[in-house]
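Q: The structure's right below; bear with me while I get my questions together.
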Amino acid sequence: METRDMLLNVGPAHPAMHGIIRIVTRLEGEQIVDIDVEIGYLHRGFEKMAETVDYNGVMPYTDRLNYVSPLINNMGYCMAVEKLLGMSVPDRCHYIRVIMSEISRISDHLTCVGASAMELGAFTVFLYMIKAREYLWDLVEMVTGARLTVTYCRVGGVKGDLPAGFEEACAKAFKETRLVLKESDTLLTRNRIFVDRMSGTGKISAEDAMSYGITGPFLRGCGVAYDVRKDCPYSVYDRLEFDVPVGTRGDNLDRYMVRMEEMEQSMRIVEQALREIPDGPVLASPDTGKPMAAAEMVDRAKVGNIGSIADRVAVTDPTLDGSARPLHVHIAADEKRVFLPPKEDTYGNIEGLMQHFKLVMYGHGIRPPKGEVYFPVEGANGELGFYVVSDGSSSAYRVRVRPPCFAIMSALPKLLVGDMIADLTPTFGSVNMIGGELDR
Amino acid sequence: MNAATLIQAVSDRFPAAVTGSHSFRGDATVIVARESLLEIARSLKEDAAFQMNFLMDLTAVDFSSFGTKPSRGFFSSSGVGVHPSSEIPAHDPWPGPPADARFAVVYHFFSLALKHRLRVEVLLQQDDPALDSVTSLWAGADWLEREVWDMFGIRFRGHPNLKRILMYDEFVGHPLRKDYPVNRRQPLIGPVN
């Protein structure tokens, strides 16, 4: 009997393709014999744009890399520029960044596991997990003022301190998340359909995975315990206790298990960090100083009435919550050439005003010395590295992102050839491809 | 190995090929000759002293307009660097951009077993931007090299499938080169089918 191969296009607009990507498969019956992955549909020129704006101006662009866990991107970029500047941030700021990154990591894993379960028919799990993600995003909203494009970190610090009531809100959100994880675990881990489709599909050996440069939960699913937080500790991760879960078989089921366990470990990190964070779980409180309208402060300062505003806290736009002078010292490095002064100083004295304008005026801003650095952090998908080259001017000469899912996507032919076409969905789901990060 | 001993080990092994090195901010960096890249890469991967089993990143920098950016403000900043903190070594300064090369192809290697990182740079001239591909050593280099070709127009000899990856085939030019204006627009051409 004469047979011939069939070409099947999956994507660019396909419900299981999480974003836009085209996979051209060559099928022999139901078996995949060849595969071609076409990416670039979401290319926005991140690296080119980063060369045209100042160092803090890149921050909103980094939000849009991995838009499910933007806080980790913020942190990675900030720490790369801080390394270039050769500076460090206060301990409390480190802890805040770690807490926010771990919350983002959980939300990223929830999205990945939920979406891939939905594609295998478990729609309930998806809804449950998105519900849990909502609780976490409420936390993110509470701290940053935004849910998705947060732009929370600044070079040399963060935007504002943790708000009042954050610890209780966090405990409540984690309680709900743990409940959801338990429910989802009972719905999936012993679910015959789910396990049959995940187990043994999308297999890759540890050697192949390392050769492709795969990192993160995907690599740990193959049994290699590489985690940037453990192996090249940054920030305060070396002071926190957590385990790195690893799989054994390197298939979809192991990656699912690793992600489920990592969410629990991330919650453990946040709980420890909230206990250990210097100066208590929250600093932001309404009674830290006598409030005064910012406009009045400016008026009094103009006529030289400095004495009457010295101990006042400026009432500013709600987007600046948590950055008043009493809190400023804890969230920002004491480095006048990098971080904006608290608004009380901008309005109240000439040094603050000059510092403010030297940083925001067109053509001024942060000026790192000439040089190049690479800084890796553990993103939700693996090692997220920023390589920054500076020519000493106010904008970066070159910013390069090492997107973790780029390496995994390049291994897709290796993962899929030989499997059935139906295995494409769970395997692609476990890659957790994020278009914004892959195509930049 | 720490940055200094790693640089020393690489320079001792390949005295003729290593043309420069620095460890600015603690990042071990060696600049190697283009002809010996493949040999050095193989040794980095297979030698027990290096064991660089990860090619973490591969990218390029176009140094053609380095330091020529006009100061936009009427008053320019003094440009004095921030004082480095004690955690980050400052004694090893950055040697500056390459004197007579336009492109630097930058490899970031990582060894999981020995937990050290090494940056390897290869300098390329404007008229002959080509070097050997390392796809035979790390499978992940395939897409990374395609991206460098796409963005910078640097060719990799021996690459199995060197075509554009992020831009479409009909795109003219290489967008991350410094002479490609950031606001240039090109008509988007749909796929053939």
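Labels used: A, B, ... for chains in the order of the structure tokens, numbers from 1 for residues in each chain, and numbers from 1 for ligands as shown.
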Quick one: residues within 7 Å of Val37 in chain A, only C-alpha atoms counted, chain neighbours fewer than 4 positions away excluded, as a JSON list (two decimals) with N, CA and C atoms, in the first residue's frame?

A:
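Okay, this is what ended up in part_18.json:
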[["chain", "number", "residue", "atom", "x", "y", "z"],
["A", 22, "ARG", "N", 4.54, 28.76, 15.56],
["A", 22, "ARG", "CA", 4.12, 27.84, 14.52],
["A", 22, "ARG", "C", 5.00, 26.60, 14.58],
["A", 23, "ILE", "N", 4.36, 25.46, 14.66],
["A", 23, "ILE", "CA", 5.09, 24.20, 14.65],
["A", 23, "ILE", "C", 4.63, 23.43, 13.42],
["A", 24, "VAL", "N", 5.54, 23.20, 12.51],
["A", 24, "VAL", "CA", 5.20, 22.44, 11.31],
["A", 24, "VAL", "C", 5.62, 21.00, 11.56]]

Q: Residues near Glu39 in chain B, anyone? I mean within 10 Å using only C-alpha atoms, not counting same-chain ones fewer than 5 positions away, as a ChimeraX atom specification.

A: /B:14,17,44,134

Q: Can you work out which one of B:Asp100, B:Glu121, B:Asp142, B:Glu35 has the shortest atom-to-atom distance to chain A, counting only C-alpha atoms?

A: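 For chain A, the nearest of the candidates is B:Asp142.
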
Q: Enumerate as a ChimeraX atom specification all residues of range 46-229 of chain A assigned to helix (DSSP H, G or I) by DSSP on the backbone, naming them with the chain letters and numbers the document uses.

A: /A:46-50,56-63,70-85,91-119,123-144,166-188,192-198,206-211,216-220,228-229

Q: At a cut-off of 10 Å, using only C-alpha atoms, what residues contact range 183-188 of chain A? Leave out same-chain residues fewer than 5 positions from it and give the result as a compact mmCIF listing (two decimals) with C-alpha atoms, in the first residue's frame.

A:
# COMPACT_ATOMS: atom_id res chain seq x y z
CA VAL A 113 0.40 23.55 35.25
CA GLY A 114 -3.15 24.88 34.97
CA ALA A 117 -3.94 20.42 32.49
CA ALA A 122 -8.94 19.03 33.09
CA THR A 124 -11.59 22.44 36.51
CA VAL A 125 -7.95 22.43 37.52
CA PHE A 126 -7.30 25.38 35.27
CA TYR A 128 -8.91 26.42 40.39
CA MET A 129 -5.35 27.39 39.64
CA THR A 177 -3.17 28.50 47.32
CA ARG A 178 -2.30 25.44 49.40
CA ILE A 193 -6.06 10.08 31.81
CA PHE A 194 -3.69 12.78 32.95
CA VAL A 195 -0.96 10.39 34.11
CA TYR A 256 4.66 18.52 36.50
CA MET A 257 5.71 17.02 39.85
CA MET A 260 4.03 21.31 42.04

Q: Hey, what's within 8 Å of Leu148 in chain A if we count only C-alpha atoms and toss same-chain stuff fewer than 2 positions away? As a PyMOL selection string, please?

A: chain A and resi 63+67-68+70+146+150

Q: Go ahead and save the picked residues with N, CA and C atoms, as a short mmCIF file (atom, residue, chain, number, x, y, z; two decimals), in the first residue's frame.

A:
data_model
loop_
_atom_site.label_atom_id
_atom_site.label_comp_id
_atom_site.auth_asym_id
_atom_site.auth_seq_id
_atom_site.Cartn_x
_atom_site.Cartn_y
_atom_site.Cartn_z
N ASP A 63 9.16 44.01 32.17
CA ASP A 63 7.87 43.43 32.59
C ASP A 63 7.28 42.56 31.50
N TYR A 67 5.72 37.74 31.04
CA TYR A 67 4.67 38.56 31.65
C TYR A 67 3.88 37.81 32.71
N VAL A 68 4.20 36.56 32.96
CA VAL A 68 3.53 35.86 34.04
C VAL A 68 4.30 36.03 35.35
N PRO A 70 6.67 38.92 36.04
CA PRO A 70 7.47 40.10 35.70
C PRO A 70 8.43 40.52 36.80
N ALA A 146 0.00 47.31 40.53
CA ALA A 146 -0.42 46.77 39.25
C ALA A 146 -0.44 45.25 39.34
N VAL A 150 4.23 45.33 36.29
CA VAL A 150 4.34 45.92 37.62
C VAL A 150 5.41 47.01 37.73
#

Q: With only C-alpha atoms as the basis for distance, which of B:Ile154, B:Leu124, B:Ala141, B:Ala113 is at the shortest distance from Val224 in chain A?

A: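 Closest residue, counting only C-alpha atoms: B:Ala113.
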
Q: Residues of chain A within 7 Å of chain B, using only C-alpha atoms, as a compact mmCIF listing (two decimals) with N, CA and C atoms, in the first residue's frame?

A:
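What ended up in selection_27.txt:
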# COMPACT_ATOMS: atom_id res chain seq x y z
N ILE A 39 9.59 30.64 15.28
CA ILE A 39 9.28 31.61 16.32
C ILE A 39 9.47 33.01 15.77
N GLY A 40 9.25 34.00 16.58
CA GLY A 40 9.50 35.38 16.18
C GLY A 40 8.25 36.19 15.95
N HIS A 43 8.18 39.29 18.21
CA HIS A 43 9.42 40.04 18.36
C HIS A 43 9.13 41.53 18.40
N LYS A 48 16.93 46.19 21.19
CA LYS A 48 17.20 47.46 20.50
C LYS A 48 16.60 48.62 21.29
N LYS A 83 25.26 45.30 39.57
CA LYS A 83 26.59 44.70 39.49
C LYS A 83 27.51 45.57 38.63
N LEU A 85 27.24 48.78 38.22
CA LEU A 85 27.55 49.95 39.02
C LEU A 85 28.47 49.61 40.17
N GLY A 86 28.49 48.34 40.55
CA GLY A 86 29.29 47.92 41.69
C GLY A 86 28.66 48.33 43.00
N MET A 87 27.36 48.24 43.10
CA MET A 87 26.70 48.66 44.34
C MET A 87 25.81 47.55 44.87
N SER A 88 25.33 47.76 46.07
CA SER A 88 24.45 46.79 46.67
C SER A 88 23.24 47.53 47.24
N MET A 210 21.29 19.27 29.00
CA MET A 210 22.38 20.21 29.30
C MET A 210 23.02 20.71 28.03
N SER A 211 23.10 19.83 27.02
CA SER A 211 23.70 20.24 25.76
C SER A 211 22.86 21.33 25.08
N TYR A 212 21.55 21.27 25.28
CA TYR A 212 20.68 22.31 24.72
C TYR A 212 20.66 23.56 25.60
N GLY A 213 21.29 23.51 26.75
CA GLY A 213 21.29 24.68 27.63
C GLY A 213 20.00 24.83 28.40
N ASP A 231 23.04 27.14 43.44
CA ASP A 231 24.39 26.92 42.93
C ASP A 231 25.19 28.20 42.76
N TYR A 362 16.48 64.95 30.88
CA TYR A 362 16.81 64.35 29.60
C TYR A 362 18.32 64.36 29.39
N GLY A 363 18.90 63.20 29.18
CA GLY A 363 20.34 63.14 28.95
C GLY A 363 21.15 62.98 30.22
N HIS A 364 20.50 63.00 31.38
CA HIS A 364 21.23 62.76 32.63
C HIS A 364 20.91 61.34 33.08
N ARG A 367 24.68 56.78 35.40
CA ARG A 367 25.80 56.58 34.47
C ARG A 367 26.77 55.57 35.04
N PRO A 368 26.62 54.32 34.70
CA PRO A 368 27.57 53.32 35.18
C PRO A 368 28.91 53.49 34.49
N PRO A 369 29.98 52.99 35.10
CA PRO A 369 31.27 53.04 34.41
C PRO A 369 31.24 52.14 33.18
N GLY A 371 31.94 49.10 30.91
CA GLY A 371 32.20 47.72 31.28
C GLY A 371 31.10 46.80 30.82
N VAL A 373 28.84 43.16 32.16
CA VAL A 373 28.57 42.17 33.21
C VAL A 373 27.50 41.21 32.73
N ASP A 391 28.70 52.03 27.91
CA ASP A 391 29.78 52.85 27.36
C ASP A 391 29.92 54.13 28.18
N GLY A 392 29.39 54.11 29.40
CA GLY A 392 29.54 55.25 30.28
C GLY A 392 28.51 56.34 30.07
N ARG A 398 24.40 47.93 25.27
CA ARG A 398 23.82 46.67 24.79
C ARG A 398 23.19 45.99 25.98
N ARG A 402 19.08 36.43 28.38
CA ARG A 402 19.14 35.01 28.10
C ARG A 402 17.78 34.45 28.49
N ALA A 407 16.00 28.16 25.04
CA ALA A 407 16.76 26.91 24.98
C ALA A 407 15.83 25.71 24.93
N SER A 410 14.27 25.34 21.55
CA SER A 410 15.17 24.84 20.50
C SER A 410 15.31 23.33 20.60
N ASP A 439 10.55 35.63 22.15
CA ASP A 439 10.78 36.44 20.95
C ASP A 439 11.33 37.82 21.27

Q: Do you know which residues are at most 7 Å from Arg337 in chain A counting only C-alpha atoms, after dropping those on the same chain fewer than 2 positions away, and could you put them as a PyMOL selection string?

A: chain A and resi 335+339+366

Q: Taking only range 28-142 of chain B into account, list the residues labelled strand (DSSP E) by DSSP (computed from the backbone), as an MDAnalysis selection string.

A: chainID B and resid 29:32 54:62 103:111 116:124 130:132

Q: So what do you get for CA of Asp423 in chain A versus CA of Ser107 in chain A, distance-wise?

A: 25.0 Å

Q: Which value, in Å to one decimal, gives the distance between CA of Phe406 in chain A and CA of Leu438 in chain A?

A: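 These atoms are spaced 5.3 Å apart.
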